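**Student:** What follows is a structure written as structure tokens; I'll ask about it next.
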Amino acid sequence: LWVAAEWVRAHLLWGFPWNLIGYVWADNVPLLQLAAVGEVWLMSFVLVLLAAALAAGLWWRVVSVLLVVVLIIWGQLRVTHADVTPLPVEVALIDGQIEEMTGWTMADRWQQMIYYANKTAQEAGAADIIVWPETAVMFDIQRDAFARQTLAGLLQPQQTLVIGTPWMEDDGKIYNAIVTLNAQGQVLSKYFKHNLVPFGEFVPLRKYIPNVWEIGRFVRQYQDYSAGDGNAYM
């Protein structure tokens, strides 16, 4: 029932697969191999099953321990014998550790970008691809040449920067985008997020909320992100 409820939340209506219980094993490589068999749903199912077994009595506790041991051995064997081809490039992931509500004023936008720039200088080294998080850059880099060139100035000639940023198209629609830049400040490609978070990136049934009371007035202060079509664009 727990896993079924997670599946329903992730798929029905607007879908919100957030904080699924199977994510607990994201850092455990052997147990993470369950995802190759049944995706995160099998990971959630096994985890809830183990938790229930621990609460069900001594015999079930023994069974749960044996099951974990078997899964770890199977997962480790799968990892050990995997045919892994190293990537031909080096990737640097820059983790900002910035509070969610920071970055919306003009001053915050610059401070946030300076923060990521300093982290990049300290940690990226000669990596071929440098990746910044979602909404790390809160400037319209399509039209803001200064911000775009500032980003390009962080890169060595062979490097590519991947950033999360709002992107406004000519029709006025705003997308939550992934954009790649080269050292010359050129936009190489962009991708628009297509599965948006309800109430975080758009308000469901917005047009049916009356423009009265505080909630109605609050909703109309902000523009929704638009959903992309799942394709990347050059």
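We label chains A, B, ... in the order they appear in the structure tokens, count residues from 1 in each chain, and number ligands from 1 in the order shown.
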Would you please give, as a PyMOL selection string, all residues of region 16-149 of chain A that DSSP assigns to strand (DSSP E) based on the backbone?
**Tutor:** chain A and resi 91-93+129-131
**Student:** Report as a PyMOL selection string: the residues of region 27-143 of chain A with a DSSP assignment of alpha helix (DSSP H), based on the backbone of this structure.
**Tutor:** chain A and resi 29-32+35-54+58-80+106-123
**Student:** Give me a file of those residues, with C-alpha atoms, as a PDB file, in the first residue's frame.
**Tutor:**
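Heads up, here's the output in out.pdb:
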ATOM      1  CA  VAL A  29      25.838   1.092  -4.433  1.00  0.00           C
ATOM      2  CA  PRO A  30      25.144  -2.646  -3.843  1.00  0.00           C
ATOM      3  CA  LEU A  31      21.538  -2.106  -2.727  1.00  0.00           C
ATOM      4  CA  LEU A  32      21.077   0.522  -5.430  1.00  0.00           C
ATOM      5  CA  ALA A  35      16.806  -0.110  -9.392  1.00  0.00           C
ATOM      6  CA  ALA A  36      18.103  -2.022 -12.436  1.00  0.00           C
ATOM      7  CA  VAL A  37      15.430  -4.657 -11.786  1.00  0.00           C
ATOM      8  CA  GLY A  38      12.403  -2.707 -10.579  1.00  0.00           C
ATOM      9  CA  GLU A  39      13.390   0.964 -10.546  1.00  0.00           C
ATOM     10  CA  VAL A  40      12.855   2.983  -7.377  1.00  0.00           C
ATOM     11  CA  TRP A  41       9.566   1.171  -6.727  1.00  0.00           C
ATOM     12  CA  LEU A  42      11.323  -2.111  -5.935  1.00  0.00           C
ATOM     13  CA  MET A  43      13.751  -0.247  -3.684  1.00  0.00           C
ATOM     14  CA  SER A  44      10.833   1.316  -1.804  1.00  0.00           C
ATOM     15  CA  PHE A  45       9.021  -2.030  -1.584  1.00  0.00           C
ATOM     16  CA  VAL A  46      12.017  -3.898  -0.148  1.00  0.00           C
ATOM     17  CA  LEU A  47      12.755  -1.127   2.343  1.00  0.00           C
ATOM     18  CA  VAL A  48       9.174  -1.010   3.674  1.00  0.00           C
ATOM     19  CA  LEU A  49       9.099  -4.825   3.761  1.00  0.00           C
ATOM     20  CA  LEU A  50      12.285  -4.894   5.866  1.00  0.00           C
ATOM     21  CA  ALA A  51      10.908  -2.254   8.240  1.00  0.00           C
ATOM     22  CA  ALA A  52       7.695  -4.253   8.675  1.00  0.00           C
ATOM     23  CA  ALA A  53       9.661  -7.467   9.249  1.00  0.00           C
ATOM     24  CA  LEU A  54      11.698  -5.840  12.018  1.00  0.00           C
ATOM     25  CA  LEU A  58      12.032 -12.402  16.078  1.00  0.00           C
ATOM     26  CA  TRP A  59      11.636 -14.881  13.211  1.00  0.00           C
ATOM     27  CA  TRP A  60      10.838 -12.124  10.727  1.00  0.00           C
ATOM     28  CA  ARG A  61      13.798 -10.113  11.999  1.00  0.00           C
ATOM     29  CA  VAL A  62      16.109 -13.023  11.192  1.00  0.00           C
ATOM     30  CA  VAL A  63      14.569 -13.291   7.732  1.00  0.00           C
ATOM     31  CA  SER A  64      14.998  -9.545   7.132  1.00  0.00           C
ATOM     32  CA  VAL A  65      18.684  -9.668   8.112  1.00  0.00           C
ATOM     33  CA  LEU A  66      19.283 -12.629   5.785  1.00  0.00           C
ATOM     34  CA  LEU A  67      17.476 -10.804   2.975  1.00  0.00           C
ATOM     35  CA  VAL A  68      19.689  -7.731   3.393  1.00  0.00           C
ATOM     36  CA  VAL A  69      22.813  -9.887   3.353  1.00  0.00           C
ATOM     37  CA  VAL A  70      21.675 -11.657   0.179  1.00  0.00           C
ATOM     38  CA  LEU A  71      20.840  -8.357  -1.534  1.00  0.00           C
ATOM     39  CA  ILE A  72      24.199  -6.823  -0.590  1.00  0.00           C
ATOM     40  CA  ILE A  73      26.110  -9.863  -1.882  1.00  0.00           C
ATOM     41  CA  TRP A  74      24.088  -9.892  -5.126  1.00  0.00           C
ATOM     42  CA  GLY A  75      24.508  -6.169  -5.607  1.00  0.00           C
ATOM     43  CA  GLN A  76      28.239  -6.269  -4.936  1.00  0.00           C
ATOM     44  CA  LEU A  77      28.719  -9.133  -7.396  1.00  0.00           C
ATOM     45  CA  ARG A  78      26.776  -7.180 -10.003  1.00  0.00           C
ATOM     46  CA  VAL A  79      28.959  -4.107  -9.472  1.00  0.00           C
ATOM     47  CA  THR A  80      32.185  -6.122  -9.446  1.00  0.00           C
ATOM     48  CA  MET A 106      19.067  41.626  -7.996  1.00  0.00           C
ATOM     49  CA  ALA A 107      21.693  41.785  -5.246  1.00  0.00           C
ATOM     50  CA  ASP A 108      21.117  38.136  -4.344  1.00  0.00           C
ATOM     51  CA  ARG A 109      21.417  37.103  -7.980  1.00  0.00           C
ATOM     52  CA  TRP A 110      24.898  38.575  -8.283  1.00  0.00           C
ATOM     53  CA  GLN A 111      25.997  37.237  -4.902  1.00  0.00           C
ATOM     54  CA  GLN A 112      24.784  33.775  -5.870  1.00  0.00           C
ATOM     55  CA  MET A 113      26.623  33.824  -9.185  1.00  0.00           C
ATOM     56  CA  ILE A 114      29.799  35.107  -7.513  1.00  0.00           C
ATOM     57  CA  TYR A 115      29.518  32.281  -4.995  1.00  0.00           C
ATOM     58  CA  TYR A 116      29.316  29.635  -7.735  1.00  0.00           C
ATOM     59  CA  ALA A 117      32.122  31.335  -9.640  1.00  0.00           C
ATOM     60  CA  ASN A 118      34.412  31.160  -6.605  1.00  0.00           C
ATOM     61  CA  LYS A 119      33.490  27.518  -5.956  1.00  0.00           C
ATOM     62  CA  THR A 120      34.218  26.740  -9.604  1.00  0.00           C
ATOM     63  CA  ALA A 121      37.648  28.369  -9.405  1.00  0.00           C
ATOM     64  CA  GLN A 122      38.440  26.380  -6.265  1.00  0.00           C
ATOM     65  CA  GLU A 123      37.083  22.966  -7.219  1.00  0.00           C
TER      66      GLU A 123
END
**Student:** Rank A:Val89, A:Leu181, A:Met168, A:Ala10 by their smallest atom-to-atom distance to Asp224 (chain A), using only C-alpha atoms, and report the top residue only.
**Tutor:** A:Met168
**Student:** How far is it from CA of Thr165 (chain A) to CA of Ile21 (chain A), in Å with one decimal?
**Tutor:** 28.6 Å
**Student:** In Å, rounded to a single decimal, give me how far CA of Glu134 (chain A) is from CA of Tyr175 (chain A).
**Tutor:** 11.7 Å
